[in-house]
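Printed here is final.tsv (TSV, C-alpha atoms and all ligand atoms):
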```
chain	number	residue	atom	x	y	z
A	1	MET	CA	4.66	12.25	-13.88
A	2	THR	CA	2.17	10.06	-12.09
A	3	ASN	CA	-0.04	10.95	-9.14
A	4	TRP	CA	-0.66	8.98	-5.94
A	5	GLU	CA	-4.09	7.74	-6.89
A	6	GLU	CA	-3.04	6.44	-10.25
A	7	LEU	CA	0.19	4.93	-8.90
A	8	HIS	CA	-1.65	3.18	-6.07
A	9	ARG	CA	-4.28	1.81	-8.45
A	10	ARG	CA	-1.66	0.46	-10.88
A	11	CYS	CA	0.40	-1.15	-8.13
A	12	MET	CA	-2.56	-2.79	-6.37
A	13	SER	CA	-3.57	-4.62	-9.57
A	14	CYS	CA	-0.02	-5.32	-10.79
A	15	GLN	CA	0.78	-8.59	-12.53
A	16	LYS	CA	4.25	-7.67	-13.79
A	17	CYS	CA	6.09	-10.53	-12.10
A	18	ALA	CA	5.37	-14.03	-10.79
A	19	LEU	CA	5.05	-12.83	-7.17
A	20	ALA	CA	1.54	-11.74	-8.17
A	21	ASP	CA	0.52	-15.43	-8.30
A	22	THR	CA	1.39	-16.19	-4.66
A	23	ARG	CA	0.61	-12.93	-2.84
A	24	THR	CA	-2.40	-12.34	-0.59
A	25	ASN	CA	-2.06	-8.54	-0.64
A	26	VAL	CA	0.11	-6.02	-2.41
A	27	VAL	CA	2.03	-4.05	0.24
A	28	PHE	CA	2.21	-0.58	-1.23
A	29	GLY	CA	3.67	1.50	1.62
A	30	LYS	CA	2.64	3.49	4.65
A	31	GLY	CA	3.21	6.95	6.10
A	32	PRO	CA	2.61	10.61	5.42
A	33	LYS	CA	3.00	11.58	1.76
A	34	ASP	CA	4.99	14.66	2.72
A	35	ALA	CA	7.49	12.69	4.83
A	36	ARG	CA	11.09	13.99	4.65
A	37	VAL	CA	12.47	10.59	5.63
A	38	MET	CA	11.89	7.22	3.90
A	39	PHE	CA	12.73	3.71	5.15
A	40	ILE	CA	12.98	0.97	2.54
A	41	GLY	CA	13.06	-2.77	3.16
A	42	GLU	CA	13.37	-5.64	0.74
A	43	GLY	CA	9.91	-7.16	0.48
A	44	PRO	CA	6.86	-8.14	2.52
A	45	GLY	CA	6.98	-11.13	4.86
A	46	GLU	CA	4.10	-13.32	5.97
A	47	ASN	CA	2.38	-10.84	8.31
A	48	GLU	CA	2.80	-8.01	5.82
A	49	ASP	CA	1.32	-10.16	3.04
A	50	LEU	CA	-1.68	-10.99	5.24
A	51	GLN	CA	-2.26	-7.43	6.45
A	52	GLY	CA	-1.20	-5.42	3.41
A	53	GLU	CA	1.11	-3.18	5.47
A	54	PRO	CA	4.93	-3.03	5.58
A	55	PHE	CA	6.87	-4.13	8.70
A	56	VAL	CA	4.00	-5.23	10.93
A	57	GLY	CA	5.53	-8.51	12.21
A	58	ARG	CA	8.04	-8.96	15.03
A	59	GLY	CA	10.76	-7.16	13.10
A	60	GLY	CA	8.45	-4.26	12.38
A	61	GLN	CA	7.56	-3.96	16.05
A	62	LEU	CA	11.24	-3.82	16.97
A	63	LEU	CA	11.84	-1.23	14.26
A	64	ASP	CA	8.99	1.00	15.49
A	65	GLU	CA	10.30	0.75	19.06
A	66	MET	CA	13.83	1.69	18.02
A	67	LEU	CA	12.68	4.54	15.78
A	68	SER	CA	10.44	5.98	18.48
A	69	LEU	CA	13.59	6.44	20.60
A	70	VAL	CA	14.85	8.94	18.01
A	71	GLY	CA	11.49	10.63	17.60
A	72	LEU	CA	10.32	8.91	14.44
A	73	SER	CA	6.90	7.37	13.78
A	74	ARG	CA	5.20	6.13	10.63
A	75	GLU	CA	2.02	7.95	11.67
A	76	LYS	CA	3.81	11.30	11.89
A	77	ASN	CA	7.10	11.61	10.09
A	78	PHE	CA	8.42	8.79	7.93
A	79	TYR	CA	7.23	6.79	4.97
A	80	ILE	CA	8.03	3.08	4.83
A	81	THR	CA	7.92	0.67	1.91
A	82	ASN	CA	9.89	-2.08	0.17
A	83	ILE	CA	11.86	-2.77	-3.00
A	84	VAL	CA	9.25	-5.37	-4.07
A	85	LYS	CA	5.62	-4.92	-3.13
A	86	CYS	CA	4.59	-8.60	-3.06
A	87	ARG	CA	5.88	-11.33	-0.74
A	88	PRO	CA	8.56	-13.66	-2.09
A	89	PRO	CA	7.55	-17.25	-1.21
A	90	LYS	CA	9.08	-18.47	2.08
A	91	ASN	CA	10.63	-15.00	2.50
A	92	ARG	CA	13.47	-15.76	0.09
A	93	ASP	CA	15.40	-12.77	-1.26
A	94	PRO	CA	13.57	-11.10	-4.14
A	95	LEU	CA	15.15	-12.10	-7.47
A	96	ASN	CA	16.79	-9.41	-9.57
A	97	THR	CA	14.11	-9.93	-12.23
A	98	GLU	CA	11.40	-9.31	-9.60
A	99	GLN	CA	13.22	-6.23	-8.31
A	100	ASP	CA	13.57	-4.92	-11.87
A	101	ALA	CA	9.85	-5.46	-12.51
A	102	CYS	CA	8.85	-3.67	-9.30
A	103	ILE	CA	11.38	-0.89	-8.77
A	104	GLY	CA	9.45	1.59	-10.94
A	105	TYR	CA	6.80	1.86	-8.23
A	106	LEU	CA	9.47	2.86	-5.73
A	107	TRP	CA	10.96	5.42	-8.12
A	108	ASP	CA	7.48	6.94	-8.52
A	109	GLN	CA	6.93	6.95	-4.74
A	110	MET	CA	10.27	8.68	-4.27
A	111	ALA	CA	9.51	11.19	-7.04
A	112	LEU	CA	6.21	12.08	-5.33
A	113	ILE	CA	7.60	12.25	-1.78
A	114	ARG	CA	11.03	13.74	-2.61
A	115	PRO	CA	12.61	12.60	0.68
A	116	ARG	CA	15.72	14.35	2.01
A	117	ILE	CA	16.85	11.20	3.83
A	118	VAL	CA	16.59	7.59	2.64
A	119	VAL	CA	17.37	4.73	5.02
A	120	CYS	CA	17.81	1.25	3.55
A	121	LEU	CA	16.81	-1.59	5.85
A	122	GLY	CA	19.31	-4.35	5.17
A	123	ARG	CA	21.61	-5.46	2.42
A	124	ILE	CA	19.12	-6.02	-0.41
A	125	ALA	CA	17.73	-2.48	-0.31
A	126	ALA	CA	21.23	-1.01	0.10
A	127	MET	CA	22.51	-2.96	-2.92
A	128	ARG	CA	19.66	-1.53	-5.00
A	129	LEU	CA	19.68	2.05	-3.76
A	130	ILE	CA	23.28	2.74	-2.71
A	131	SER	CA	25.69	0.42	-4.51
A	132	PRO	CA	25.53	-3.06	-6.10
A	133	SER	CA	28.60	-4.07	-4.10
A	134	TYR	CA	27.29	-2.75	-0.78
A	135	ARG	CA	28.63	-4.59	2.30
A	136	ILE	CA	26.21	-4.05	5.18
A	137	THR	CA	28.59	-5.23	7.92
A	138	ARG	CA	31.29	-2.82	6.85
A	139	GLU	CA	29.26	0.10	5.50
A	140	HIS	CA	26.13	0.42	7.67
A	141	GLY	CA	25.67	3.91	9.05
A	142	GLN	CA	27.82	5.60	6.41
A	143	TRP	CA	26.26	8.47	4.41
A	144	MET	CA	26.17	9.03	0.69
A	145	GLU	CA	24.68	12.04	-1.10
A	146	LYS	CA	22.80	11.52	-4.35
A	147	ASP	CA	20.46	13.88	-6.23
A	148	GLY	CA	19.92	16.13	-3.24
A	149	ALA	CA	19.12	13.34	-0.76
A	150	TYR	CA	21.24	11.58	1.87
A	151	TYR	CA	21.33	7.77	1.82
A	152	THR	CA	22.36	5.33	4.49
A	153	ALA	CA	21.64	1.73	5.52
A	154	ILE	CA	21.11	-0.01	8.84
A	155	TYR	CA	20.82	-3.69	9.69
A	156	HIS	CA	17.50	-5.28	8.78
A	157	PRO	CA	15.33	-5.71	11.90
A	158	ALA	CA	15.16	-9.47	11.21
A	159	ALA	CA	18.96	-9.55	11.47
A	160	LEU	CA	18.75	-7.79	14.85
A	161	LEU	CA	16.25	-10.39	16.06
A	162	ARG	CA	18.58	-13.19	14.97
A	163	ASP	CA	21.68	-11.53	16.41
A	164	PRO	CA	20.99	-8.98	19.19
A	165	THR	CA	24.73	-8.24	19.50
A	166	LYS	CA	24.21	-6.04	16.40
A	167	LYS	CA	21.83	-3.74	18.28
A	168	PRO	CA	24.40	-1.27	19.71
A	169	ASP	CA	25.70	-0.58	16.18
A	170	THR	CA	22.15	0.08	15.06
A	171	PHE	CA	21.50	2.47	17.95
A	172	ALA	CA	24.64	4.37	16.95
A	173	ASP	CA	23.36	4.49	13.35
A	174	LEU	CA	19.98	5.76	14.56
A	175	ARG	CA	21.68	8.58	16.46
A	176	SER	CA	23.52	9.44	13.27
A	177	ILE	CA	20.18	9.49	11.42
A	178	ARG	CA	18.77	11.82	14.08
A	179	SER	CA	21.75	14.16	13.64
A	180	LYS	CA	21.35	14.12	9.86
A	181	ILE	CA	17.65	14.96	10.21
A	182	ARG	CA	18.49	17.89	12.52
A	183	GLU	CA	21.03	19.08	9.96
A	184	VAL	CA	19.06	18.79	6.69
A	185	CYS	CA	15.37	18.79	7.66
A	186	PRO	CA	14.94	20.01	11.25
A	187	GLU	CA	11.22	20.59	10.58
A	188	VAL	CA	10.77	16.83	11.09
A	189	TYR	CA	11.28	17.44	14.79
A	190	GLY	CA	9.53	20.85	14.74
A	201	LIG	N1	10.91	-7.39	5.87
A	201	LIG	C1	10.98	-6.46	4.88
A	201	LIG	O1	12.00	-6.27	4.26
A	201	LIG	N2	9.88	-5.74	4.62
A	201	LIG	C2	8.71	-5.89	5.29
A	201	LIG	O2	7.75	-5.18	4.97
A	201	LIG	C3	8.69	-6.86	6.31
A	201	LIG	C4	9.78	-7.59	6.58
A	202	LIG	FE1	3.97	-6.19	-9.54
A	202	LIG	FE2	5.94	-5.69	-7.83
A	202	LIG	FE3	4.02	-7.40	-7.14
A	202	LIG	FE4	5.80	-8.10	-9.01
A	202	LIG	S1	6.24	-7.67	-6.84
A	202	LIG	S2	3.56	-8.35	-9.14
A	202	LIG	S3	6.17	-6.13	-10.03
A	202	LIG	S4	3.76	-5.18	-7.52
```
If you convert what's in this file into structure tokens, what do you get?
Ligand code: URA
Ligand code: SF4
Amino acid sequence: MTNWEELHRRCMSCQKCALADTRTNVVFGKGPKDARVMFIGEGPGENEDLQGEPFVGRGGQLLDEMLSLVGLSREKNFYITNIVKCRPPKNRDPLNTEQDACIGYLWDQMALIRPRIVVCLGRIAAMRLISPSYRITREHGQWMEKDGAYYTAIYHPAALLRDPTKKPDTFADLRSIRSKIREVCPEVYG
């Protein structure tokens, strides 16, 4: 079992896949280490690569605004990270080989945090963490229980920026997330 310091050090100097050659910064993750809720995206974009923090661009701003409506903030009560920790060039989807190389860092983060609730942001994260055949349009907002944690997925904030007609569905999913938090880890709102 690893510890945070060692895990962070290994990840920040990682050269396990070709994304190391084009990154500016490794984007490790952000939030309290005792968070009960985790949000997981696919990989850093341009702003994240430049700043070394997950979801800090326009999509991240929208996400923070929406999550604040259900009482969630990365300063206080959720941890946020990605499937791959380095930016794929031109924001293409991370390749399976890159995901395979990187996913161990996420497993270690999850082993250290032991979240009760895991929310995938978009299809790529849901395909990795929920089911390889996951269909975001059909399955967003549904819950699945695995190893003592509850998993769901919502639309990726970039998808909401492209198509705002998806927002009401996402607000419904966020209310469902709030209910699940009240049910399984009410201390989040304590
Ligand atoms: N999109 C993601 O999936 N992750 C980020 O950190 C930023 C944008
Ligand atoms: Fe290492 Fe992950 Fe970055 Fe690839 S994406 S270099 S595996 S930290």
What residues have any atom no more than 6 Å from ligand LIG 201 (chain A) when counting only C-alpha atoms and all ligand atoms, and can you list them as a list in words?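 Listed by chain and ascending number, the contacts are Gly41, Glu42, Gly43, Pro44, Gly45, Glu48, Pro54, Phe55 and Asn82 of chain A.
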Generate the output file for the selected residues, C-alpha atoms, as a tab-separated table (two decimals), in the coordinates of the input.
```tsv
chain	number	residue	atom	x	y	z
A	41	GLY	CA	13.06	-2.77	3.16
A	42	GLU	CA	13.37	-5.64	0.74
A	43	GLY	CA	9.91	-7.16	0.48
A	44	PRO	CA	6.86	-8.14	2.52
A	45	GLY	CA	6.98	-11.13	4.86
A	48	GLU	CA	2.80	-8.01	5.82
A	54	PRO	CA	4.93	-3.03	5.58
A	55	PHE	CA	6.87	-4.13	8.70
A	82	ASN	CA	9.89	-2.08	0.17
```
Surrounding residues as number ranges by chain, ligand LIG 202 (chain A), max 10 Å, all atoms listed in the file: A: 10-23, 25-28, 43-44, 82-88, 94-95, 97-106
Counting all atoms listed in the file, what are the residues of segment 49-139 of chain A within 8 Å of segment 165-184 of chain A, and for each of them which pair of atoms is the nearest and at what distance in Å, to one decimal? Sort the table by chain and rising number, as CSV.
```
residue,atom,partner,partner_atom,distance
A:Met66,CA,A:Phe171,CA,7.7
A:Leu67,CA,A:Leu174,CA,7.5
A:Val70,CA,A:Arg178,CA,6.3
A:Arg116,CA,A:Val184,CA,7.3
A:Ile117,CA,A:Ile181,CA,7.4
```
Would you please work out which residue, of A:Ile154, A:Arg162, A:Asn96, A:Gln109, is nearest to Asn3 of chain A when using only C-alpha atoms?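 Among the listed residues, the smallest separation from Asn3 of chain A belongs to A:Gln109.
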Hey, could you pull the box centre and edge lengths for segment 54-64 of chain A, axis-aligned, 5 Å padding per side, all listed atoms, to one decimal in Å, as JSON?
```
{"center_x": 7.9, "center_y": -4.0, "center_z": 11.3, "size_x": 17.8, "size_y": 20.0, "size_z": 21.4}
```
Excluding Gly59 of chain A and residues on its chain fewer than 2 positions from it, collect all residues at most 9 Å away from it, counting all atoms listed in the file, and give them as a count of residues only. 13
So the first atom is atom CA of Cys185 of chain A and the second is atom CA of Glu139 of chain A; what is the distance between them in Å, to one decimal place?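 Atom CA of Cys185 of chain A sits 23.4 Å away from atom CA of Glu139 of chain A.
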Do you have the atom CA of Lys33 of chain A-atom CA of Ile113 of chain A distance handy? 5.8 Å
Work out how far atom CA of Ile136 of chain A is from atom CA of Gly71 of chain A, in Å to one decimal.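 Going from atom CA of Gly71 of chain A over to atom CA of Ile136 of chain A, I get 24.2 Å.
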Considering only C-alpha atoms, can you say which of A:Pro132, A:Pro32, A:Gly60, A:Pro89 comes closest to Leu112 of chain A?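 Nearest candidate to Leu112 of chain A out of A:Pro132, A:Pro32, A:Gly60, A:Pro89: A:Pro32.
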For Tyr151 of chain A, work out the shell of residues within 12 Å, counting only C-alpha atoms and skipping chain neighbours fewer than 6 positions away, then give it as JSON, numbers by chain. {"A": [37, 38, 39, 40, 115, 116, 117, 118, 119, 120, 121, 125, 126, 127, 128, 129, 130, 131, 139, 140, 141, 142, 143, 144, 145, 176, 177, 180, 181]}
Restricting the output to C-alpha atoms, write the selected residues as a PDB file, in the frame of the given file.
```
ATOM      1  CA  VAL A  37      12.470  10.590   5.630  1.00  0.00           C
ATOM      2  CA  MET A  38      11.890   7.220   3.900  1.00  0.00           C
ATOM      3  CA  PHE A  39      12.730   3.710   5.150  1.00  0.00           C
ATOM      4  CA  ILE A  40      12.980   0.970   2.540  1.00  0.00           C
ATOM      5  CA  PRO A 115      12.610  12.600   0.680  1.00  0.00           C
ATOM      6  CA  ARG A 116      15.720  14.350   2.010  1.00  0.00           C
ATOM      7  CA  ILE A 117      16.850  11.200   3.830  1.00  0.00           C
ATOM      8  CA  VAL A 118      16.590   7.590   2.640  1.00  0.00           C
ATOM      9  CA  VAL A 119      17.370   4.730   5.020  1.00  0.00           C
ATOM     10  CA  CYS A 120      17.810   1.250   3.550  1.00  0.00           C
ATOM     11  CA  LEU A 121      16.810  -1.590   5.850  1.00  0.00           C
ATOM     12  CA  ALA A 125      17.730  -2.480  -0.310  1.00  0.00           C
ATOM     13  CA  ALA A 126      21.230  -1.010   0.100  1.00  0.00           C
ATOM     14  CA  MET A 127      22.510  -2.960  -2.920  1.00  0.00           C
ATOM     15  CA  ARG A 128      19.660  -1.530  -5.000  1.00  0.00           C
ATOM     16  CA  LEU A 129      19.680   2.050  -3.760  1.00  0.00           C
ATOM     17  CA  ILE A 130      23.280   2.740  -2.710  1.00  0.00           C
ATOM     18  CA  SER A 131      25.690   0.420  -4.510  1.00  0.00           C
ATOM     19  CA  GLU A 139      29.260   0.100   5.500  1.00  0.00           C
ATOM     20  CA  HIS A 140      26.130   0.420   7.670  1.00  0.00           C
ATOM     21  CA  GLY A 141      25.670   3.910   9.050  1.00  0.00           C
ATOM     22  CA  GLN A 142      27.820   5.600   6.410  1.00  0.00           C
ATOM     23  CA  TRP A 143      26.260   8.470   4.410  1.00  0.00           C
ATOM     24  CA  MET A 144      26.170   9.030   0.690  1.00  0.00           C
ATOM     25  CA  GLU A 145      24.680  12.040  -1.100  1.00  0.00           C
ATOM     26  CA  SER A 176      23.520   9.440  13.270  1.00  0.00           C
ATOM     27  CA  ILE A 177      20.180   9.490  11.420  1.00  0.00           C
ATOM     28  CA  LYS A 180      21.350  14.120   9.860  1.00  0.00           C
ATOM     29  CA  ILE A 181      17.650  14.960  10.210  1.00  0.00           C
TER      30      ILE A 181
END
```
